[in-house]
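With compact mmCIF, C-alpha atoms inside, this is target-v7.txt:
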# COMPACT_ATOMS: atom_id res chain seq x y z
CA MET A 27 26.19 -16.44 -13.87
CA ILE A 28 27.64 -15.73 -10.45
CA GLU A 29 24.81 -13.29 -9.70
CA TYR A 30 22.22 -15.99 -10.43
CA LEU A 31 24.03 -18.36 -8.07
CA LEU A 32 24.16 -15.80 -5.27
CA CYS A 33 20.46 -15.10 -5.69
CA LEU A 34 19.80 -18.85 -5.47
CA ILE A 35 21.81 -19.05 -2.24
CA LEU A 36 19.69 -16.23 -0.76
CA PHE A 37 16.56 -18.19 -1.71
CA SER A 38 17.85 -21.33 -0.02
CA VAL A 39 18.71 -19.43 3.20
CA GLY A 40 15.03 -18.45 3.35
CA LEU A 41 13.99 -22.04 2.60
CA TYR A 42 16.20 -23.36 5.42
CA CYS A 43 14.60 -20.90 7.83
CA ILE A 44 11.08 -22.06 6.97
CA LEU A 45 11.92 -25.74 7.35
CA ILE A 46 13.98 -25.67 10.55
CA LYS A 47 12.86 -22.90 12.85
CA ARG A 48 10.09 -23.32 15.43
CA ASN A 49 9.14 -19.72 16.15
CA LEU A 50 6.24 -18.48 14.04
CA ILE A 51 7.74 -15.02 13.48
CA LYS A 52 10.97 -16.61 12.20
CA ILE A 53 8.91 -18.54 9.66
CA ILE A 54 7.33 -15.27 8.48
CA ILE A 55 10.82 -13.72 8.21
CA GLY A 56 12.00 -16.71 6.15
CA LEU A 57 9.08 -16.26 3.76
CA GLY A 58 10.00 -12.60 3.39
CA ILE A 59 13.59 -13.50 2.49
CA MET A 60 12.34 -15.90 -0.21
CA GLU A 61 10.16 -13.11 -1.64
CA TYR A 62 13.14 -10.75 -1.89
CA ALA A 63 15.19 -13.42 -3.67
CA VAL A 64 12.48 -14.13 -6.26
CA ASN A 65 11.91 -10.43 -7.04
CA LEU A 66 15.65 -9.91 -7.46
CA PHE A 67 15.90 -12.90 -9.80
CA PHE A 68 13.33 -11.46 -12.19
CA ILE A 69 15.11 -8.12 -12.42
CA LEU A 70 18.47 -9.86 -12.92
CA LEU A 71 16.95 -11.61 -15.92
CA GLY A 72 15.98 -8.33 -17.54
CA TYR A 73 19.24 -6.42 -17.17
CA ARG A 74 21.16 -5.41 -20.27
CA SER A 75 24.79 -4.39 -19.91
CA GLY A 76 25.33 -0.75 -20.78
CA GLY A 77 21.58 -0.19 -20.73
CA GLN A 78 19.70 2.80 -19.36
CA PHE A 79 16.52 2.97 -17.28
CA PRO A 80 13.37 2.96 -19.48
CA ILE A 81 12.27 6.56 -18.98
CA LEU A 82 12.42 8.96 -21.91
CA SER A 83 13.31 12.61 -21.65
CA LYS A 84 13.68 15.37 -24.22
CA ASP A 85 17.23 14.58 -25.36
CA VAL A 86 16.74 10.80 -25.30
CA PHE A 87 13.48 11.08 -27.20
CA ALA A 88 14.97 12.96 -30.13
CA GLN A 89 16.61 9.75 -31.30
CA PHE A 90 13.26 8.01 -31.71
CA ILE A 91 11.38 10.75 -33.49
CA ARG A 92 12.17 9.55 -36.99
CA PRO A 93 10.62 6.10 -37.47
CA ASP A 94 13.35 4.67 -39.69
CA LYS A 95 16.18 5.36 -37.25
CA SER A 96 16.16 2.97 -34.31
CA GLY A 97 18.18 5.22 -31.96
CA ASN A 98 21.58 4.84 -30.34
CA TYR A 99 20.32 4.40 -26.77
CA ILE A 100 20.21 0.94 -25.28
CA PHE A 101 17.47 0.35 -22.69
CA VAL A 102 17.06 -2.38 -20.12
CA ASP A 103 14.02 -4.60 -20.42
CA PRO A 104 10.96 -2.77 -19.00
CA ILE A 105 8.57 -5.72 -18.84
CA PRO A 106 10.00 -7.51 -15.73
CA GLN A 107 10.05 -4.14 -13.94
CA ALA A 108 6.38 -3.63 -14.69
CA LEU A 109 5.48 -7.09 -13.37
CA ILE A 110 7.54 -6.93 -10.17
CA LEU A 111 6.30 -3.42 -9.28
CA THR A 112 2.92 -4.71 -8.19
CA ALA A 113 4.34 -7.95 -6.80
CA ILE A 114 6.29 -6.04 -4.15
CA VAL A 115 3.17 -4.34 -2.78
CA ILE A 116 1.22 -7.59 -2.81
CA GLY A 117 4.04 -9.23 -0.84
CA LEU A 118 3.53 -6.62 1.85
CA ALA A 119 -0.21 -7.34 2.01
CA VAL A 120 0.43 -11.09 2.35
CA THR A 121 2.93 -10.47 5.18
CA CYS A 122 0.27 -8.42 6.98
CA LEU A 123 -2.21 -11.29 6.62
CA LEU A 124 0.31 -13.74 8.11
CA VAL A 125 0.98 -11.41 11.04
CA ALA A 126 -2.77 -11.12 11.69
CA ILE A 127 -3.09 -14.94 11.87
CA ALA A 128 -0.01 -15.10 14.12
CA LEU A 129 -1.54 -12.56 16.52
CA ARG A 130 -4.69 -14.67 16.81
CA ILE A 131 -2.60 -17.79 17.48
CA TYR A 132 -0.69 -15.96 20.22
CA GLU A 133 -3.94 -14.84 21.81
CA LYS A 134 -5.30 -18.39 21.94
CA TYR A 135 -2.23 -20.47 22.86
CA GLY A 136 0.02 -18.00 24.68
CA SER A 137 3.22 -18.67 22.72
CA TYR A 138 4.59 -18.53 19.18
CA ASP A 139 6.07 -22.05 19.33
CA ILE A 140 4.58 -24.30 16.67
CA GLU A 141 5.03 -27.43 18.74
CA ASP A 142 2.43 -26.10 21.18
CA LEU A 143 -0.36 -25.88 18.62
CA ASN A 144 -2.01 -29.21 19.36
CA LYS A 145 -5.70 -28.48 19.81
CA LEU A 146 -7.69 -29.42 16.76
CA LYS A 147 -11.12 -28.07 17.62
CA GLY A 148 -11.68 -24.32 17.58
CA MET B 26 29.43 -6.44 -12.07
CA LEU B 27 31.58 -6.35 -9.01
CA ASP B 28 29.51 -3.92 -6.92
CA LEU B 29 26.37 -6.00 -7.50
CA GLN B 30 28.17 -9.14 -6.30
CA ILE B 31 29.45 -7.40 -3.17
CA LEU B 32 25.91 -6.20 -2.38
CA LEU B 33 24.56 -9.73 -2.86
CA ILE B 34 27.17 -11.16 -0.47
CA PHE B 35 26.18 -8.50 2.09
CA MET B 36 22.55 -9.53 1.72
CA ILE B 37 23.40 -13.21 2.22
CA ILE B 38 25.36 -12.44 5.40
CA ALA B 39 22.47 -10.32 6.72
CA ALA B 40 20.03 -13.16 5.91
CA VAL B 41 22.12 -15.68 7.84
CA VAL B 42 22.23 -13.26 10.78
CA ALA B 43 18.44 -12.78 10.63
CA VAL B 44 17.84 -16.53 10.65
CA GLU B 45 20.26 -17.59 13.36
CA ILE B 46 20.16 -14.81 15.96
CA LYS B 47 18.17 -15.56 19.12
CA ASP B 48 17.00 -12.04 19.95
CA MET B 49 13.80 -11.37 17.97
CA LEU B 50 14.21 -7.61 17.72
CA GLY B 51 17.72 -8.01 16.27
CA SER B 52 16.39 -10.45 13.70
CA VAL B 53 13.76 -7.92 12.55
CA VAL B 54 16.45 -5.24 12.19
CA ALA B 55 18.53 -7.62 10.05
CA VAL B 56 15.55 -8.09 7.71
CA GLY B 57 15.48 -4.31 7.34
CA ALA B 58 19.13 -4.43 6.29
CA ILE B 59 18.32 -7.01 3.60
CA GLY B 60 15.55 -4.79 2.23
CA LEU B 61 17.85 -1.77 2.09
CA GLY B 62 20.50 -3.80 0.22
CA LEU B 63 17.81 -4.97 -2.21
CA SER B 64 16.74 -1.38 -2.90
CA MET B 65 20.36 -0.49 -3.73
CA CYS B 66 20.56 -3.53 -6.03
CA PHE B 67 17.52 -2.26 -7.91
CA LEU B 68 19.22 1.10 -8.38
CA LEU B 69 22.31 -0.60 -9.80
CA LEU B 70 20.14 -2.64 -12.17
CA GLN B 71 18.61 0.58 -13.61
CA ALA B 72 15.11 0.21 -12.12
CA PRO B 73 14.29 3.44 -10.21
CA ASP B 74 10.53 2.75 -9.80
CA LEU B 75 11.29 -0.47 -8.02
CA ALA B 76 13.87 1.13 -5.73
CA ILE B 77 11.29 3.65 -4.46
CA VAL B 78 8.61 1.02 -3.90
CA GLN B 79 10.97 -1.44 -2.20
CA LEU B 80 12.24 1.21 0.23
CA VAL B 81 8.83 2.38 1.42
CA VAL B 82 7.40 -1.15 1.57
CA GLU B 83 10.39 -2.19 3.69
CA ILE B 84 9.69 0.61 6.19
CA LEU B 85 6.02 -0.37 6.55
CA SER B 86 6.78 -4.07 6.92
CA LEU B 87 9.34 -3.33 9.65
CA VAL B 88 6.69 -1.46 11.65
CA ILE B 89 4.25 -4.36 11.31
CA LEU B 90 6.83 -6.99 12.27
CA ILE B 91 7.76 -5.00 15.38
CA ARG B 92 4.08 -4.92 16.29
CA ALA B 93 4.01 -8.72 16.02
CA VAL B 94 7.16 -9.27 18.05
CA GLY B 95 6.57 -6.64 20.75
CA ILE B 96 9.32 -4.81 22.52
CA LYS B 97 9.20 -6.97 25.62
CA ASN B 98 9.08 -10.36 23.97
CA GLY B 99 12.77 -11.14 24.03
CA VAL B 100 13.94 -14.57 23.07
CA SER B 101 12.68 -17.13 20.56
CA ALA B 102 12.08 -20.80 21.36
CA VAL B 103 15.09 -22.41 23.01
CA LYS B 104 14.61 -26.09 22.19
CA LYS B 105 16.34 -27.01 18.94
CA ARG B 106 15.34 -29.60 16.41
CA LYS B 107 16.93 -33.05 16.39
CA ILE B 108 20.18 -33.48 14.50
CA PHE B 109 18.65 -35.85 11.93
CA SER B 110 16.18 -33.27 10.64
CA ILE B 111 18.86 -30.56 10.29
CA VAL B 112 21.15 -32.90 8.31
CA SER B 113 18.35 -34.08 6.02
CA VAL B 114 17.20 -30.51 5.29
CA LEU B 115 20.76 -29.49 4.45
CA LEU B 116 21.07 -32.49 2.15
CA PHE B 117 17.82 -31.56 0.40
CA ILE B 118 18.97 -27.97 -0.07
CA GLY B 119 22.30 -29.18 -1.45
CA LEU B 120 20.50 -31.36 -4.03
CA PHE B 121 18.21 -28.41 -4.90
CA ILE B 122 21.16 -26.07 -5.53
CA TYR B 123 22.97 -28.71 -7.61
CA PHE B 124 20.04 -29.35 -9.93
CA SER B 125 19.13 -25.67 -10.18
CA THR B 126 22.68 -24.86 -11.29
CA LYS B 127 22.29 -27.30 -14.15
CA ALA B 128 19.11 -25.45 -15.16
CA LEU B 129 20.59 -21.96 -14.75
CA ILE B 130 23.25 -22.65 -17.38
CA GLU B 131 20.51 -22.83 -20.02
CA LEU B 132 19.43 -19.24 -19.37
CA PRO B 133 20.85 -16.42 -21.56
CA SER B 134 24.00 -15.06 -19.95
CA PHE B 135 23.76 -12.14 -17.55
CA GLY B 136 23.49 -8.88 -19.48
CA ASN B 137 22.14 -10.14 -22.80
CA PRO B 138 18.41 -10.76 -22.52
CA ILE B 139 16.12 -11.74 -25.36
CA MET B 140 13.89 -8.68 -25.82
CA ARG B 141 11.41 -9.53 -28.54
CA VAL B 142 8.22 -8.06 -27.08
CA ALA B 143 10.03 -5.19 -25.38
CA GLU B 144 11.45 -3.90 -28.69
CA ARG B 145 7.98 -2.86 -29.79
CA TYR B 146 7.17 -1.24 -26.44
CA LEU B 147 10.43 0.70 -26.41
CA ILE B 148 10.30 1.97 -29.96
CA SER B 149 6.65 2.96 -30.27
CA GLY B 150 5.66 3.30 -26.59
CA ILE B 151 5.59 7.06 -26.38
CA ARG B 152 4.01 7.47 -29.81
CA GLU B 153 1.08 5.20 -28.96
CA THR B 154 0.41 6.17 -25.34
CA GLY B 155 1.94 9.62 -24.83
CA ALA B 156 3.62 8.73 -21.52
CA ALA B 157 7.34 9.29 -21.04
CA ASN B 158 7.68 6.71 -18.26
CA LEU B 159 7.54 3.47 -20.22
CA VAL B 160 6.97 1.28 -17.14
CA SER B 161 3.81 3.28 -16.33
CA ALA B 162 2.74 2.99 -19.95
CA ILE B 163 3.10 -0.78 -19.74
CA ILE B 164 1.22 -1.27 -16.48
CA LEU B 165 -1.59 1.16 -17.24
CA ASP B 166 -2.04 0.99 -21.00
CA TYR B 167 -0.57 -2.08 -22.64
CA ARG B 168 -1.15 -4.50 -19.74
CA ALA B 169 -3.84 -2.77 -17.74
CA PHE B 170 -5.73 -6.01 -17.20
CA ASP B 171 -2.91 -7.31 -15.03
CA THR B 172 -3.14 -4.16 -12.89
CA LEU B 173 -6.86 -4.83 -12.41
CA GLY B 174 -5.97 -8.32 -11.19
CA GLU B 175 -3.38 -6.95 -8.78
CA ALA B 176 -5.88 -4.44 -7.38
CA THR B 177 -8.30 -7.31 -6.77
CA VAL B 178 -5.63 -9.31 -4.91
CA LEU B 179 -4.87 -6.32 -2.68
CA PHE B 180 -8.56 -5.87 -1.94
CA THR B 181 -8.84 -9.55 -1.01
CA ALA B 182 -5.84 -9.33 1.31
CA VAL B 183 -7.35 -6.31 3.13
CA ILE B 184 -10.70 -8.08 3.55
CA GLY B 185 -8.84 -11.18 4.76
CA VAL B 186 -7.04 -9.26 7.50
CA LEU B 187 -10.24 -7.57 8.66
CA ALA B 188 -12.06 -10.92 8.71
CA VAL B 189 -9.37 -12.62 10.80
CA ILE B 190 -9.06 -9.78 13.30
CA ARG B 191 -12.73 -9.02 13.70
CA ARG B 192 -14.34 -10.21 16.89
CA VAL B 193 -17.83 -11.50 16.32
CA GLY B 194 -20.16 -10.50 19.15
CA ARG B 195 -21.95 -13.33 20.89
CA LYS B 196 -25.04 -12.93 22.98
CA SER B 197 -24.22 -13.94 26.52
CA LYS B 198 -26.49 -16.64 27.85
CA MET C 1 0.40 14.38 42.86
CA ILE C 2 -0.42 11.79 40.24
CA LYS C 3 0.72 12.60 36.71
CA LYS C 4 -1.32 11.06 33.90
CA SER C 5 0.99 9.44 31.35
CA GLU C 6 0.76 11.11 27.94
CA PRO C 7 0.04 8.89 24.96
CA GLY C 8 2.60 8.87 22.15
CA MET C 9 6.22 9.83 22.20
CA THR C 10 8.25 12.66 23.75
CA ILE C 11 7.66 16.31 22.96
CA ILE C 12 10.61 16.56 20.59
CA VAL C 13 9.15 13.87 18.32
CA LYS C 14 5.69 15.49 18.45
CA THR C 15 7.01 18.92 17.43
CA ILE C 16 9.02 17.58 14.49
CA THR C 17 6.06 15.43 13.38
CA ARG C 18 3.80 18.45 13.13
CA TYR C 19 6.13 19.92 10.53
CA THR C 20 7.12 16.85 8.53
CA VAL C 21 3.88 14.92 8.16
CA ALA C 22 2.39 17.49 5.76
CA LEU C 23 5.54 17.37 3.65
CA ILE C 24 5.41 13.59 3.45
CA LEU C 25 1.77 13.66 2.32
CA LEU C 26 2.59 16.32 -0.29
CA PHE C 27 5.54 14.28 -1.56
CA GLY C 28 3.33 11.21 -1.95
CA ILE C 29 0.76 13.18 -3.95
CA TYR C 30 3.56 14.59 -6.15
CA ILE C 31 4.84 11.10 -6.97
CA VAL C 32 1.31 9.97 -7.90
CA LEU C 33 0.52 12.94 -10.14
CA HIS C 34 3.82 12.80 -12.04
CA GLY C 35 3.60 9.03 -12.50
CA HIS C 36 3.74 9.21 -16.27
CA LEU C 37 6.84 11.41 -16.41
CA THR C 38 9.18 10.40 -13.57
CA PRO C 39 9.69 7.09 -11.77
CA GLY C 40 7.00 6.21 -9.26
CA GLY C 41 3.36 5.93 -10.09
CA GLY C 42 0.25 4.96 -8.17
CA PHE C 43 1.71 2.13 -6.06
CA ALA C 44 4.72 4.03 -4.68
CA GLY C 45 2.66 7.16 -4.00
CA GLY C 46 -0.10 5.16 -2.30
CA VAL C 47 2.33 3.52 0.13
CA ILE C 48 3.89 6.92 0.93
CA VAL C 49 0.45 8.43 1.68
CA ALA C 50 -0.29 5.48 4.00
CA LEU C 51 3.07 6.03 5.69
CA SER C 52 2.19 9.63 6.49
CA PHE C 53 -0.87 8.52 8.46
CA VAL C 54 1.17 5.82 10.20
CA HIS C 55 3.62 8.56 11.19
CA ILE C 56 0.81 10.46 12.97
CA MET C 57 -0.23 7.32 14.80
CA LEU C 58 3.30 6.45 15.93
CA ALA C 59 4.03 9.93 17.26
CA PHE C 60 0.72 10.94 18.83
CA GLY C 61 -0.96 7.70 19.90
CA LYS C 62 -3.90 5.79 18.54
CA GLU C 63 -6.73 8.04 19.72
CA THR C 64 -5.48 11.08 17.84
CA ALA C 65 -4.84 9.09 14.66
CA ILE C 66 -8.32 7.59 14.57
CA LYS C 67 -9.82 11.08 14.62
CA LYS C 68 -7.88 11.92 11.45
CA MET C 69 -9.04 8.89 9.50
CA SER C 70 -11.38 6.41 11.12
CA GLU C 71 -11.84 2.79 10.06
CA LYS C 72 -15.10 3.56 8.31
CA SER C 73 -13.67 6.32 6.13
CA SER C 74 -10.64 4.27 5.15
CA GLY C 75 -12.97 1.48 4.03
CA ILE C 76 -15.06 3.91 2.02
CA LEU C 77 -12.00 5.48 0.36
CA GLU C 78 -10.58 2.11 -0.63
CA SER C 79 -13.81 0.95 -2.23
CA LEU C 80 -14.09 4.32 -3.98
CA GLY C 81 -10.65 3.83 -5.51
CA ALA C 82 -11.52 0.36 -6.79
CA ILE C 83 -14.86 1.51 -8.28
CA LEU C 84 -13.16 4.49 -9.95
CA PHE C 85 -10.58 2.21 -11.57
CA VAL C 86 -13.21 -0.14 -12.99
CA THR C 87 -15.35 2.81 -14.17
CA ILE C 88 -12.46 4.27 -16.16
CA ALA C 89 -11.89 0.87 -17.70
CA LEU C 90 -15.56 0.44 -18.63
CA LEU C 91 -15.73 3.93 -20.15
CA GLY C 92 -13.13 2.78 -22.62
CA LEU C 93 -15.76 0.35 -23.90
CA THR C 94 -17.74 3.26 -25.33
CA ALA C 95 -14.93 4.25 -27.65
CA GLY C 96 -13.33 0.95 -28.53
CA TYR C 97 -12.41 -1.98 -26.36
CA PHE C 98 -12.03 -2.49 -22.59
CA PHE C 99 -9.36 -0.15 -21.09
CA PHE C 100 -9.11 1.80 -24.32
CA ASN C 101 -7.33 5.13 -23.92
CA PHE C 102 -10.33 7.18 -24.92
CA ILE C 103 -9.04 10.63 -24.03
CA THR C 104 -6.18 10.73 -26.51
CA GLY C 105 -7.53 8.28 -29.04
CA GLN C 106 -5.38 6.45 -31.50
CA LYS C 107 -2.68 9.09 -31.91
CA PRO C 108 -1.62 11.38 -29.05
CA LEU C 109 -0.50 14.86 -30.08
CA GLU C 110 3.23 15.33 -30.37
CA THR C 111 3.11 18.74 -28.70
CA SER C 112 1.76 17.20 -25.53
CA PHE C 113 4.69 14.90 -24.73
CA PHE C 114 6.56 15.51 -21.43
CA ARG C 115 3.79 17.73 -20.09
CA LEU C 116 1.68 17.20 -16.99
CA PHE C 117 -1.61 17.00 -18.87
CA SER C 118 -0.79 14.26 -21.35
CA SER C 119 -1.17 10.54 -21.95
CA GLY C 120 -4.92 10.19 -21.54
CA ILE C 121 -6.30 7.98 -18.80
CA ILE C 122 -2.96 7.23 -17.13
CA PRO C 123 -3.05 10.04 -14.49
CA PHE C 124 -6.63 9.18 -13.50
CA CYS C 125 -5.77 5.51 -13.13
CA ASN C 126 -2.80 6.52 -10.98
CA ILE C 127 -5.05 8.55 -8.67
CA ALA C 128 -7.50 5.66 -8.32
CA ILE C 129 -4.71 3.21 -7.49
CA CYS C 130 -3.22 5.65 -4.95
CA LEU C 131 -6.56 5.90 -3.11
CA LYS C 132 -6.96 2.14 -3.10
CA VAL C 133 -3.47 1.20 -1.95
CA GLY C 134 -3.11 4.01 0.59
CA ALA C 135 -6.48 3.55 2.29
CA GLY C 136 -6.21 -0.25 2.17
CA LEU C 137 -2.81 -0.40 3.82
CA PHE C 138 -3.81 2.09 6.49
CA GLY C 139 -6.97 0.06 7.17
CA ILE C 140 -4.83 -3.06 7.68
CA PHE C 141 -2.57 -1.14 10.05
CA LEU C 142 -5.51 0.17 12.10
CA ALA C 143 -6.96 -3.31 12.46
CA LEU C 144 -3.64 -4.72 13.69
CA ILE C 145 -3.07 -1.93 16.21
CA PHE C 146 -6.54 -1.94 17.73
CA PHE C 147 -6.54 -5.68 18.30
CA LYS C 148 -6.95 -6.28 22.02
CA LYS C 149 -6.95 -9.44 24.09
CA ASN C 150 -10.30 -10.97 24.82
CA ASP C 151 -11.09 -10.24 28.45

Is it possible to express this structure as structure tokens?
Amino acid sequence: MIEYLLCLILFSVGLYCILIKRNLIKIIIGLGIMEYAVNLFFILLGYRSGGQFPILSKDVFAQFIRPDKSGNYIFVDPIPQALILTAIVIGLAVTCLLVAIALRIYEKYGSYDIEDLNKLKG
Amino acid sequence: MLDLQILLIFMIIAAVVAVEIKDMLGSVVAVGAIGLGLSMCFLLLQAPDLAIVQLVVEILSLVILIRAVGIKNGVSAVKKRKIFSIVSVLLFIGLFIYFSTKALIELPSFGNPIMRVAERYLISGIRETGAANLVSAIILDYRAFDTLGEATVLFTAVIGVLAVIRRVGRKSK
Amino acid sequence: MIKKSEPGMTIIVKTITRYTVALILLFGIYIVLHGHLTPGGGFAGGVIVALSFVHIMLAFGKETAIKKMSEKSSGILESLGAILFVTIALLGLTAGYFFFNFITGQKPLETSFFRLFSSGIIPFCNIAICLKVGAGLFGIFLALIFFKKND
């Protein structure tokens, strides 16, 4: 329970950064912190105490080879790991897209301050 | 798990440093510290694939953030927000944490997940696919459609970056 | 006497880079090919392969790096990876349903567990994803570095 609360506090630090700060790069950093917190929350949900990572080897496999015996090894849940694996790489691609837009804004307006972006036409 | 809680407190302190510090290069370095702490958390939670991916993705994102900030661009914006907006945001976040805590109690306690679908993947995963790494068997055999979707999203992000950066030539009058 | 400034970093970094960048590329390929036996897979290996090219660019400057892999070839490699992935999926249609594991069939042989040549289409899918992710991320990086101010 405490781990869930600490993960929630990390998420809200990122949320505070997005809402308060005026520098565009700080907003991108705040979004990155929120991404880390959400990925961590999924893996916290799938952890099983005393469990082992879900990769079989020759001595671990021997327990499963007879179908009626369920095996003495306890594994952690592999499904959240499979979902978050691709989500981490996609988070990187989205950060790159935000940085590309920020570079164009800097080229046009000369600063990263969001209060200076006041021209509506392109 | 005491070591997991200490790592989480370290990550929260590094996040507060990254948000509040005025020097932009120091803030990017603090984000790197959060990513490293997260990779160690994944190792403690028995997920070695994720630890590898998180570490290398952190390195690449640090390089790209330093390209955005630039070495010479020192300080972030100096004017602060008004005191009313800071107090109202803190009040909103306090309400958000309070109501989320009420929802988090309904989850199964930490360390005892409900594994109904995963039982079948764990028991007959290697017999049906032949792969020893069960996470690879899930993303490339049982749920390969999701991997096709992720590949499409990556493709779209790459095309998006190239479309934003590209400079369209105009004929001079 | 006017000395032309050399692009890239100092000579110590350049010498070490010549030795380590091949090892990093080889390590990335190892993680991709053993994706069905040890932790890793296509995504981790693809990012490591992209990092090896970024290492060349950081140490030697942009002109040397663009001779190794230009923007056009990184675009072609990424599309090749995506087409390969969809082709493997469609070939499964001939033997069953979409994404069917047509090399091993319904029951993989028990003597082929824990070996390098096992588990059907999974190594080929890993190679396709490594091409896509590696070339795509390096293409993004090239576009961000070569972005100049409009004169």

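Those residues of chain C that fall within 7 Å of chain B when using only C-alpha atoms read Gly35, His36, Leu37, Thr38, Pro39, Gly40, Gly41, Ala44, Val47, Ile48, Phe99, Lys107, Pro108, Phe113, Phe114, Ser118, Ser119, Ile122, Gly136, Ile140, Ala143 and Phe147 of chain C.
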
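The space separating CA of Phe79 (chain A) from CA of Ala40 (chain B) comes to 28.5 Å.
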
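The list of chain A residues within 8 Å of chain C is Ile81, Ser83, Lys84, Leu111, Thr112, Val115, Ala119, Cys122, Ala126 and Glu133 of chain A; this uses all atoms listed in the file.
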
- Query: Once you count all atoms listed in the file, which residues of chain A turn out to be within 7 Å of chain B? Could you give them as a ChimeraX atom specification?
  - Reply: /A:27,29,32,36,38-39,43,46,48-49,71-75,78-83,90,103-105,107-108,111-112,114-116,118-120,123,125-127,129,139

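Comparing A:Leu109, A:Gly40, A:Leu45, A:Arg130 by their smallest distance to Ile59 (chain A), the closest is A:Gly40 (using only C-alpha atoms).
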
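Atom pair CA of Lys68 (chain C) / CA of Phe53 (chain C): separated by 8.3 Å.
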
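Interatomic distance, CA of Gly51 (chain B) to CA of Leu41 (chain A): 19.9 Å.
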
Where atoms are absent from region 127-141 of chain B, fill them in so it carries N, CA and C atoms, then output it as a CSV table (one decimal), keeping the file's coordinate frame.
chain,number,residue,atom,x,y,z
B,127,LYS,N,22.3,-26.7,-12.8
B,127,LYS,CA,22.3,-27.3,-14.2
B,127,LYS,C,21.2,-26.6,-15.0
B,128,ALA,N,20.1,-26.1,-14.4
B,128,ALA,CA,19.1,-25.4,-15.2
B,128,ALA,C,19.5,-24.0,-15.5
B,129,LEU,N,20.3,-23.4,-14.6
B,129,LEU,CA,20.6,-22.0,-14.8
B,129,LEU,C,21.6,-21.8,-15.9
B,130,ILE,N,22.3,-22.8,-16.3
B,130,ILE,CA,23.2,-22.6,-17.4
B,130,ILE,C,22.5,-22.4,-18.7
B,131,GLU,N,21.3,-23.0,-18.8
B,131,GLU,CA,20.5,-22.8,-20.0
B,131,GLU,C,20.0,-21.4,-20.3
B,132,LEU,N,20.0,-20.6,-19.2
B,132,LEU,CA,19.4,-19.2,-19.4
B,132,LEU,C,20.4,-18.4,-20.2
B,133,PRO,N,19.9,-17.3,-20.9
B,133,PRO,CA,20.8,-16.4,-21.6
B,133,PRO,C,21.8,-15.8,-20.5
B,134,SER,N,23.0,-15.5,-20.9
B,134,SER,CA,24.0,-15.1,-20.0
B,134,SER,C,23.6,-13.7,-19.4
B,135,PHE,N,24.1,-13.4,-18.3
B,135,PHE,CA,23.8,-12.1,-17.6
B,135,PHE,C,24.2,-10.9,-18.4
B,136,GLY,N,23.2,-10.1,-18.7
B,136,GLY,CA,23.5,-8.9,-19.5
B,136,GLY,C,23.1,-8.9,-20.9
B,137,ASN,N,22.6,-10.1,-21.4
B,137,ASN,CA,22.1,-10.1,-22.8
B,137,ASN,C,20.8,-10.8,-22.9
B,138,PRO,N,19.7,-10.1,-22.5
B,138,PRO,CA,18.4,-10.8,-22.5
B,138,PRO,C,17.8,-10.8,-23.9
B,139,ILE,N,16.8,-11.7,-24.1
B,139,ILE,CA,16.1,-11.7,-25.4
B,139,ILE,C,15.0,-10.8,-25.2
B,140,MET,N,14.9,-9.7,-26.0
B,140,MET,CA,13.9,-8.7,-25.8
B,140,MET,C,13.1,-8.6,-27.1
B,141,ARG,N,12.2,-9.6,-27.3
B,141,ARG,CA,11.4,-9.5,-28.5
B,141,ARG,C,10.2,-8.7,-28.4
